[in-house]
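Novice: The structure file work_36.csv (CSV, C-alpha atoms and all ligand atoms) is provided below.
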```csv
chain,number,residue,atom,x,y,z
A,1,MET,CA,13.2,7.8,-12.0
A,2,THR,CA,15.6,8.9,-9.3
A,3,GLY,CA,18.7,6.8,-8.8
A,4,TRP,CA,19.9,4.9,-5.7
A,5,VAL,CA,19.3,6.7,-2.4
A,6,GLN,CA,20.4,5.5,1.0
A,7,LYS,CA,17.8,6.0,3.7
A,8,ALA,CA,17.1,3.4,6.4
A,9,TYR,CA,13.4,2.6,6.9
A,10,SER,CA,10.9,0.2,8.3
A,11,ALA,CA,8.3,-1.3,5.9
A,12,ILE,CA,4.7,-2.1,6.9
A,13,LEU,CA,3.3,-4.7,4.6
A,14,LEU,CA,-0.5,-4.9,4.9
A,15,ALA,CA,-2.1,-8.3,4.5
A,16,ALA,CA,-5.0,-8.2,7.0
A,17,GLY,CA,-7.8,-7.4,4.5
A,18,SER,CA,-10.6,-9.8,3.6
A,19,GLY,CA,-10.5,-9.5,-0.2
A,20,SER,CA,-14.3,-9.4,-0.5
A,21,ARG,CA,-14.2,-7.9,-4.0
A,22,MET,CA,-12.0,-10.8,-5.1
A,23,ALA,CA,-14.8,-13.2,-4.0
A,24,ALA,CA,-12.2,-16.0,-3.5
A,25,ASP,CA,-12.4,-18.8,-0.9
A,26,ARG,CA,-9.6,-17.2,1.2
A,27,ASN,CA,-7.9,-13.9,1.7
A,28,LYS,CA,-6.7,-12.8,-1.8
A,29,ILE,CA,-3.3,-12.1,-0.4
A,30,PHE,CA,-2.6,-15.9,-0.4
A,31,LEU,CA,-3.7,-16.4,-4.0
A,32,ARG,CA,-0.8,-17.4,-6.2
A,33,LEU,CA,0.5,-15.4,-9.1
A,34,ASN,CA,2.8,-17.8,-11.0
A,35,ASP,CA,4.9,-19.4,-8.3
A,36,GLN,CA,4.3,-17.1,-5.3
A,37,ALA,CA,1.5,-15.9,-3.1
A,38,ILE,CA,0.6,-12.3,-3.9
A,39,PHE,CA,2.1,-10.8,-0.7
A,40,GLN,CA,5.4,-12.5,-1.2
A,41,TYR,CA,6.4,-10.4,-4.1
A,42,SER,CA,6.7,-7.1,-2.1
A,43,LEU,CA,8.0,-9.0,0.9
A,44,ASP,CA,10.9,-10.2,-1.2
A,45,LEU,CA,11.5,-6.8,-2.6
A,46,PHE,CA,11.7,-5.2,0.8
A,47,LEU,CA,14.1,-7.9,2.0
A,48,SER,CA,16.3,-7.3,-1.1
A,49,ASP,CA,16.6,-3.6,-0.2
A,50,ALA,CA,19.6,-3.0,2.2
A,51,ASP,CA,17.9,0.2,3.5
A,52,CYS,CA,14.9,-1.8,4.7
A,53,LYS,CA,15.8,-2.6,8.3
A,54,GLN,CA,12.5,-4.1,9.4
A,55,VAL,CA,9.4,-5.6,7.8
A,56,ILE,CA,6.2,-5.5,9.8
A,57,LEU,CA,3.8,-8.1,8.3
A,58,VAL,CA,0.2,-7.2,9.2
A,59,GLY,CA,-2.3,-10.0,9.1
A,60,LYS,CA,-5.4,-11.4,10.7
A,61,ASP,CA,-4.8,-13.2,14.0
A,62,GLU,CA,-6.5,-16.4,12.6
A,63,GLU,CA,-4.2,-16.3,9.6
A,64,LYS,CA,-0.9,-15.9,11.5
A,65,VAL,CA,-0.1,-19.5,10.9
A,66,TYR,CA,0.3,-18.9,7.2
A,67,PHE,CA,2.9,-16.2,7.8
A,68,THR,CA,5.1,-18.2,10.2
A,69,ASP,CA,7.5,-19.4,7.6
A,70,PHE,CA,8.2,-15.8,6.6
A,71,LEU,CA,9.0,-14.5,10.1
A,72,SER,CA,12.7,-13.8,11.1
A,73,ASP,CA,14.9,-11.4,13.0
A,74,LYS,CA,13.9,-8.8,10.4
A,75,VAL,CA,10.3,-9.7,9.8
A,76,CYS,CA,7.7,-9.6,12.6
A,77,PHE,CA,4.0,-10.1,12.7
A,78,VAL,CA,1.3,-7.7,13.9
A,79,VAL,CA,-2.4,-8.4,14.1
A,80,GLY,CA,-4.4,-6.0,11.9
A,81,GLY,CA,-7.7,-4.3,12.6
A,82,ALA,CA,-11.1,-4.0,11.1
A,83,GLU,CA,-10.2,-1.3,8.6
A,84,ARG,CA,-7.0,-0.8,6.6
A,85,GLN,CA,-6.3,2.4,8.7
A,86,ASP,CA,-6.6,0.3,11.9
A,87,SER,CA,-4.1,-2.2,10.6
A,88,VAL,CA,-1.6,0.6,9.8
A,89,ARG,CA,-2.0,2.2,13.2
A,90,HIS,CA,-1.4,-1.1,15.0
A,91,ALA,CA,1.8,-1.6,13.0
A,92,LEU,CA,3.0,1.9,13.6
A,93,THR,CA,3.5,1.1,17.3
A,94,ARG,CA,6.2,-1.4,16.3
A,95,VAL,CA,8.3,0.7,13.9
A,96,SER,CA,12.0,0.8,14.8
A,97,GLU,CA,13.2,3.3,12.1
A,98,THR,CA,12.7,7.1,11.8
A,99,ALA,CA,11.2,6.6,8.3
A,100,VAL,CA,8.5,4.1,7.3
A,101,MET,CA,7.3,2.7,4.0
A,102,ILE,CA,3.6,1.7,4.1
A,103,HIS,CA,2.6,-0.8,1.4
A,104,ASP,CA,-0.4,-2.8,0.4
A,105,GLY,CA,0.5,-6.5,0.3
A,106,ALA,CA,-2.1,-6.6,-2.5
A,107,ARG,CA,0.3,-4.5,-4.8
A,108,PRO,CA,2.9,-7.0,-5.9
A,109,PHE,CA,4.6,-5.1,-8.7
A,110,VAL,CA,6.3,-2.2,-7.0
A,111,THR,CA,10.0,-2.0,-8.0
A,112,LEU,CA,13.3,-1.1,-6.3
A,113,SER,CA,13.7,2.0,-8.4
A,114,GLU,CA,10.3,3.2,-7.2
A,115,LEU,CA,11.4,2.6,-3.6
A,116,ASN,CA,14.5,4.5,-4.2
A,117,ALA,CA,12.6,7.4,-5.8
A,118,LEU,CA,10.4,7.6,-2.7
A,119,LYS,CA,13.4,7.6,-0.4
A,120,ALA,CA,14.7,10.8,-2.0
A,121,HIS,CA,11.9,12.6,-0.1
A,122,ASP,CA,10.8,13.1,3.5
A,123,ASN,CA,7.2,12.4,2.8
A,124,ALA,CA,6.1,11.0,-0.6
A,125,ILE,CA,3.7,8.6,-2.3
A,126,LEU,CA,3.7,6.8,-5.6
A,127,ALA,CA,0.8,7.9,-7.9
A,128,VAL,CA,-0.1,7.9,-11.6
A,129,PRO,CA,-1.9,10.5,-13.7
A,130,VAL,CA,-5.6,9.7,-14.0
A,131,LYS,CA,-6.3,8.5,-17.5
A,132,ASP,CA,-10.1,8.4,-17.6
A,133,THR,CA,-12.5,11.3,-18.0
A,134,ILE,CA,-13.9,11.8,-14.5
A,135,LYS,CA,-17.6,12.5,-14.0
A,136,GLN,CA,-19.2,13.8,-10.8
A,137,ILE,CA,-22.8,12.8,-10.3
A,138,ASN,CA,-25.8,14.0,-8.5
A,139,GLN,CA,-28.2,12.0,-6.3
A,140,ALA,CA,-30.2,10.9,-9.3
A,141,GLY,CA,-27.1,9.4,-10.8
A,142,GLN,CA,-26.9,12.0,-13.5
A,143,ILE,CA,-23.7,13.9,-14.4
A,144,SER,CA,-23.3,17.2,-12.5
A,145,GLN,CA,-19.9,18.0,-13.9
A,146,THR,CA,-16.8,16.7,-15.7
A,147,VAL,CA,-13.9,17.2,-13.3
A,148,PRO,CA,-10.8,18.6,-14.9
A,149,ARG,CA,-8.2,15.9,-14.7
A,150,ASP,CA,-5.0,17.8,-15.4
A,151,LYS,CA,-4.3,17.9,-11.6
A,152,LEU,CA,-5.7,14.5,-10.7
A,153,TRP,CA,-3.5,11.6,-9.7
A,154,GLY,CA,-4.4,8.0,-8.7
A,155,ALA,CA,-2.7,7.3,-5.3
A,156,GLN,CA,-0.8,4.0,-5.0
A,157,THR,CA,1.5,2.5,-2.4
A,158,PRO,CA,4.2,2.5,-1.1
A,159,GLN,CA,3.6,5.7,0.8
A,160,PHE,CA,6.8,6.9,2.6
A,161,PHE,CA,6.7,9.1,5.7
A,162,GLU,CA,8.7,10.3,8.7
A,163,THR,CA,7.6,7.9,11.4
A,164,SER,CA,6.8,10.5,14.0
A,165,LEU,CA,4.6,12.4,11.6
A,166,ILE,CA,2.6,9.5,10.4
A,167,GLN,CA,2.2,8.2,14.0
A,168,LYS,CA,0.9,11.6,15.1
A,169,VAL,CA,-1.7,12.0,12.3
A,170,HIS,CA,-2.9,8.4,12.8
A,171,HIS,CA,-3.4,9.1,16.5
A,172,ILE,CA,-5.4,12.3,15.7
A,173,ALA,CA,-7.4,10.5,13.1
A,174,GLN,CA,-8.4,7.8,15.5
A,175,SER,CA,-9.4,10.3,18.2
A,176,LYS,CA,-11.6,12.1,15.7
A,177,ALA,CA,-13.0,8.9,14.1
A,178,PHE,CA,-11.7,10.1,10.8
A,179,LEU,CA,-11.3,7.3,8.2
A,180,GLY,CA,-9.1,8.0,5.1
A,181,THR,CA,-8.7,5.7,2.1
A,182,ASP,CA,-4.9,6.1,2.3
A,183,ASP,CA,-2.2,7.3,4.8
A,184,ALA,CA,-1.3,10.5,2.9
A,185,SER,CA,-4.9,11.7,3.3
A,186,LEU,CA,-4.3,11.8,7.1
A,187,VAL,CA,-1.2,14.0,6.7
A,188,GLU,CA,-3.2,16.3,4.4
A,189,VAL,CA,-6.0,16.7,6.9
A,190,PHE,CA,-4.1,16.7,10.2
A,191,SER,CA,-0.8,18.5,9.4
A,192,ASP,CA,0.6,21.2,7.2
A,193,VAL,CA,3.5,19.0,6.0
A,194,PRO,CA,3.6,18.7,2.2
A,195,VAL,CA,3.5,15.2,0.7
A,196,THR,CA,5.3,14.9,-2.7
A,197,ILE,CA,3.8,12.9,-5.6
A,198,VAL,CA,6.4,10.6,-7.1
A,199,PRO,CA,5.3,9.4,-10.6
A,200,GLY,CA,4.8,5.7,-10.5
A,201,SER,CA,3.9,3.0,-13.0
A,202,TYR,CA,0.5,1.8,-14.3
A,203,ASP,CA,1.9,-1.7,-13.6
A,204,ASN,CA,1.7,-1.1,-9.8
A,205,ILE,CA,-1.9,-2.3,-9.7
A,206,LYS,CA,-3.7,-3.4,-6.6
A,207,ILE,CA,-5.1,-6.9,-7.0
A,208,THR,CA,-8.7,-6.2,-6.1
A,209,THR,CA,-11.2,-8.0,-8.4
A,210,PRO,CA,-10.8,-11.3,-10.3
A,211,GLU,CA,-9.7,-9.8,-13.6
A,212,ASP,CA,-6.7,-8.2,-11.8
A,213,LEU,CA,-5.2,-11.8,-11.6
A,214,ILE,CA,-5.3,-11.9,-15.4
A,215,PHE,CA,-3.6,-8.4,-15.6
A,216,GLY,CA,-1.1,-9.5,-12.9
A,217,ARG,CA,-0.1,-12.6,-14.8
A,218,ALA,CA,0.3,-10.5,-18.0
A,219,ILE,CA,2.5,-8.0,-16.1
A,220,LEU,CA,4.7,-10.9,-14.9
A,221,ALA,CA,4.9,-12.4,-18.4
A,222,ASN,CA,5.9,-9.0,-19.8
A,223,ARG,CA,8.6,-8.6,-17.2
A,224,SER,CA,10.1,-12.0,-17.8
A,225,ASN,CA,10.2,-11.3,-21.5
A,226,GLY,CA,11.8,-8.0,-21.1
B,301,LIG,N1,-8.5,-4.3,7.7
B,301,LIG,C1,-7.6,-4.3,6.7
B,301,LIG,C2,-8.1,-4.0,5.3
B,301,LIG,C3,-7.1,-4.1,4.3
B,301,LIG,N2,-5.8,-4.4,4.6
B,301,LIG,C4,-4.8,-4.5,3.5
B,301,LIG,O1,-4.8,-3.3,2.8
B,301,LIG,C5,-4.5,-3.5,1.5
B,301,LIG,C6,-5.5,-2.8,0.6
B,301,LIG,O2,-6.8,-3.2,1.0
B,301,LIG,P1,-7.9,-3.7,-0.1
B,301,LIG,O3,-7.3,-4.6,-1.1
B,301,LIG,O4,-8.6,-2.5,-0.6
B,301,LIG,O5,-8.8,-4.4,1.0
B,301,LIG,P2,-9.3,-5.9,1.2
B,301,LIG,O6,-10.0,-5.9,2.5
B,301,LIG,O7,-8.2,-6.9,1.1
B,301,LIG,O8,-10.3,-6.2,0.0
B,301,LIG,P3,-11.8,-5.8,-0.1
B,301,LIG,O9,-11.9,-4.3,0.2
B,301,LIG,O10,-12.2,-6.1,-1.5
B,301,LIG,O11,-12.6,-6.6,0.9
B,301,LIG,C7,-4.5,-5.0,1.3
B,301,LIG,O12,-3.2,-5.4,1.1
B,301,LIG,C8,-5.2,-5.6,2.5
B,301,LIG,O13,-4.7,-6.8,2.9
B,301,LIG,C9,-5.4,-4.6,5.9
B,301,LIG,O14,-4.2,-4.9,6.2
B,301,LIG,N3,-6.3,-4.5,6.9
B,302,LIG,C1,-4.1,2.9,-0.2
B,302,LIG,C2,-4.7,2.6,-1.6
B,302,LIG,O1,-3.9,1.5,-2.2
B,302,LIG,C3,-4.5,3.8,-2.4
B,302,LIG,O2,-4.9,3.5,-3.7
B,302,LIG,C4,-6.1,2.2,-1.5
B,302,LIG,O3,-6.9,3.3,-1.1
B,302,LIG,C5,-6.5,1.0,-0.7
B,302,LIG,O4,-7.7,0.6,-0.6
B,302,LIG,P1,-9.1,0.8,-1.4
B,302,LIG,O5,-10.1,0.0,-0.6
B,302,LIG,O6,-9.0,0.1,-2.8
B,302,LIG,O7,-9.4,2.2,-1.5
```
Could you render the structure from this file as structure tokens?

Specialist:
Amino acid sequence: MTGWVQKAYSAILLAAGSGSRMAADRNKIFLRLNDQAIFQYSLDLFLSDADCKQVILVGKDEEKVYFTDFLSDKVCFVVGGAERQDSVRHALTRVSETAVMIHDGARPFVTLSELNALKAHDNAILAVPVKDTIKQINQAGQISQTVPRDKLWGAQTPQFFETSLIQKVHHIAQSKAFLGTDDASLVEVFSDVPVTIVPGSYDNIKITTPEDLIFGRAILANRSNG
């Protein structure tokens, strides 16, 4: 992992999802892992990084009240949109720095050394090599091919960009009604700027389904033992 790198940035922390796959009685972002709500882990990490000059917390309008205690001179609140991409686009209008780190609040286990590794690049994302054998299927649900995985990586967040670039490609994507599943995909489709893969950790899971809470508690227990 790359060492300490100084580069001022704004962080967009996404918490405006619904968590439908978690099937909880509230937005999963507020579920507790040990002593903290899920989104607090990465909020605290960004606030501990001196290079992070601004955190834009993106939530649902009706849930703003739950974020009030976390707002400050450095942390502002922006109302999200229907899709993750809409939430990012709303937040991008408020970014104060020339670089921006876009992060899922549902990924609580990113580390400072991973943030520093991203900051060593202009445009980069955390990702991990795909471990499973990947099958492509046909319409009948039968295998059409096994996709060679030596060049396949699973995209994570944070994803780190020059602010002007990511603002531009989000604007184009909206005008063309293009919906990507991450922010780097918009850079890939609507610019010729390369995005670097920074090898991340398999710990940096997105809390998505109920068993991820079990994995999350195991990751925390492992960290407190080590
Ligand atoms: N309209 C949306 C959708 C998602 N997110 C955020 O984007 C991250 C990744 O989204 P994901 O967990 O996949 O989506 P959820 O809507 O939270 O969950 P689900 O797809 O299971 O409903 C989460 O931190 C989520 O809060 C957001 O800010 N705005
Ligand atoms: C951005 C992301 O975290 C990359 O893995 C992911 O795409 C977010 O949402 P998804 O609904 O799980 O695809």

Novice: Which chains and residue numbers are within 8 Å of ligand LIG 301 (chain B), counting all atoms listed in the file, if I want them as an MDAnalysis selection string?

Specialist: chainID A and resid 13:23 27:29 39 58:60 80:88 103:107 206:209

Novice: Could you tell me how far CA of Thr98 in chain A sits from CA of Lys64 in chain A, in Å to one decimal place?

Specialist: 26.7 Å

Novice: Just to confirm, what's the straight-line distance from CA of Ala155 in chain A to CA of Cys76 in chain A in Å (one decimal)?

Specialist: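 Between these atoms lies a distance of 26.7 Å.
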
Novice: Identify, counting all atoms listed in the file, the protein, DNA and RNA residues located within 6 Å of ligand LIG 302 (chain B), and give them as a CSV table (one decimal) with C-alpha atoms, keeping the file's coordinate frame.

Specialist:
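part00.csv, freshly written:
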```csv
chain,number,residue,atom,x,y,z
A,155,ALA,CA,-2.7,7.3,-5.3
A,156,GLN,CA,-0.8,4.0,-5.0
A,157,THR,CA,1.5,2.5,-2.4
A,181,THR,CA,-8.7,5.7,2.1
A,182,ASP,CA,-4.9,6.1,2.3
```

Novice: Which of these, A:Thr111, A:Ser224, A:Ser144, A:Thr93, has the shortest distance to Val79 in chain A once you count only C-alpha atoms?

Specialist: A:Thr93

Novice: Smallest atom-to-atom distance to Arg26 in chain A: which of A:Asn222, A:Asn116, A:Glu62, A:Tyr202, using all atoms listed in the file?

Specialist: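 Closest to Arg26 in chain A, using all atoms listed in the file: A:Glu62.
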
Novice: Take CA of Arg149 in chain A and CA of Val189 in chain A and report the distance between them in Å, one decimal.

Specialist: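 CA of Arg149 in chain A sits 21.7 Å away from CA of Val189 in chain A.
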
Novice: Which residue, A:Asp61, A:Tyr41, A:Leu152, A:Ala91, has the smallest gap to Lys131 in chain A when you use only C-alpha atoms?

Specialist: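 Using only C-alpha atoms, Lys131 in chain A sits closest to A:Leu152.
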
Novice: So which residues touch Ser10 in chain A within 10 Å, counting all atoms listed in the file, skipping near sequence neighbours fewer than 2 positions away, as JSON, numbers by chain?

Specialist: {"A": [8, 12, 13, 46, 51, 52, 53, 54, 55, 56, 74, 92, 94, 95, 96, 97, 98, 99, 100, 101, 102, 160, 163]}

Novice: Please produce a file of those selected residues containing C-alpha atoms, as a PDB file, keeping the file's coordinate frame.

Specialist:
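Full text of again.pdb as output:
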```pdb
ATOM      1  CA  ALA A   8      17.100   3.400   6.400  1.00  0.00           C
ATOM      2  CA  ILE A  12       4.700  -2.100   6.900  1.00  0.00           C
ATOM      3  CA  LEU A  13       3.300  -4.700   4.600  1.00  0.00           C
ATOM      4  CA  PHE A  46      11.700  -5.200   0.800  1.00  0.00           C
ATOM      5  CA  ASP A  51      17.900   0.200   3.500  1.00  0.00           C
ATOM      6  CA  CYS A  52      14.900  -1.800   4.700  1.00  0.00           C
ATOM      7  CA  LYS A  53      15.800  -2.600   8.300  1.00  0.00           C
ATOM      8  CA  GLN A  54      12.500  -4.100   9.400  1.00  0.00           C
ATOM      9  CA  VAL A  55       9.400  -5.600   7.800  1.00  0.00           C
ATOM     10  CA  ILE A  56       6.200  -5.500   9.800  1.00  0.00           C
ATOM     11  CA  LYS A  74      13.900  -8.800  10.400  1.00  0.00           C
ATOM     12  CA  LEU A  92       3.000   1.900  13.600  1.00  0.00           C
ATOM     13  CA  ARG A  94       6.200  -1.400  16.300  1.00  0.00           C
ATOM     14  CA  VAL A  95       8.300   0.700  13.900  1.00  0.00           C
ATOM     15  CA  SER A  96      12.000   0.800  14.800  1.00  0.00           C
ATOM     16  CA  GLU A  97      13.200   3.300  12.100  1.00  0.00           C
ATOM     17  CA  THR A  98      12.700   7.100  11.800  1.00  0.00           C
ATOM     18  CA  ALA A  99      11.200   6.600   8.300  1.00  0.00           C
ATOM     19  CA  VAL A 100       8.500   4.100   7.300  1.00  0.00           C
ATOM     20  CA  MET A 101       7.300   2.700   4.000  1.00  0.00           C
ATOM     21  CA  ILE A 102       3.600   1.700   4.100  1.00  0.00           C
ATOM     22  CA  PHE A 160       6.800   6.900   2.600  1.00  0.00           C
ATOM     23  CA  THR A 163       7.600   7.900  11.400  1.00  0.00           C
TER      24      THR A 163
END
```

Novice: Smallest atom-to-atom distance to Asp132 in chain A: which of A:Asp44, A:Asp150, A:Asp212, A:Glu162, using all atoms listed in the file?

Specialist: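 Looking only at the distances to Asp132 in chain A, the closest residue turns out to be A:Asp150.
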
Novice: Set the distance at 8 Å and use only C-alpha atoms: which residues neighbour range 169-180 of chain A once local chain neighbours fewer than 2 positions away are removed? I'd like the list as a ChimeraX atom specification.

Specialist: /A:85,89,165-167,182-183,185-187,190-191

Novice: Using only C-alpha atoms, which protein or nucleic acid residues come within 7 Å of Asn204 in chain A? Drop anything in the same chain fewer than 3 positions from it, and give the result as a list in words.

Specialist: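 Returned residues: Arg107, Phe109, Val110 and Ser201 of chain A.
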
Novice: Could you tell me which of A:Leu71, A:Ala24, A:Val147, A:Ala124 comes closest to Pro199 in chain A if we count all atoms listed in the file?

Specialist: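 Among the listed residues, A:Ala124 lies closest to Pro199 in chain A.
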
Novice: Could you tell me which of A:Ala221, A:Ile125, A:Leu213, A:Ala120 comes closest to Val5 in chain A if we count all atoms listed in the file?

Specialist: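 Residue with the minimum atom-to-atom distance to Val5 in chain A: A:Ala120.
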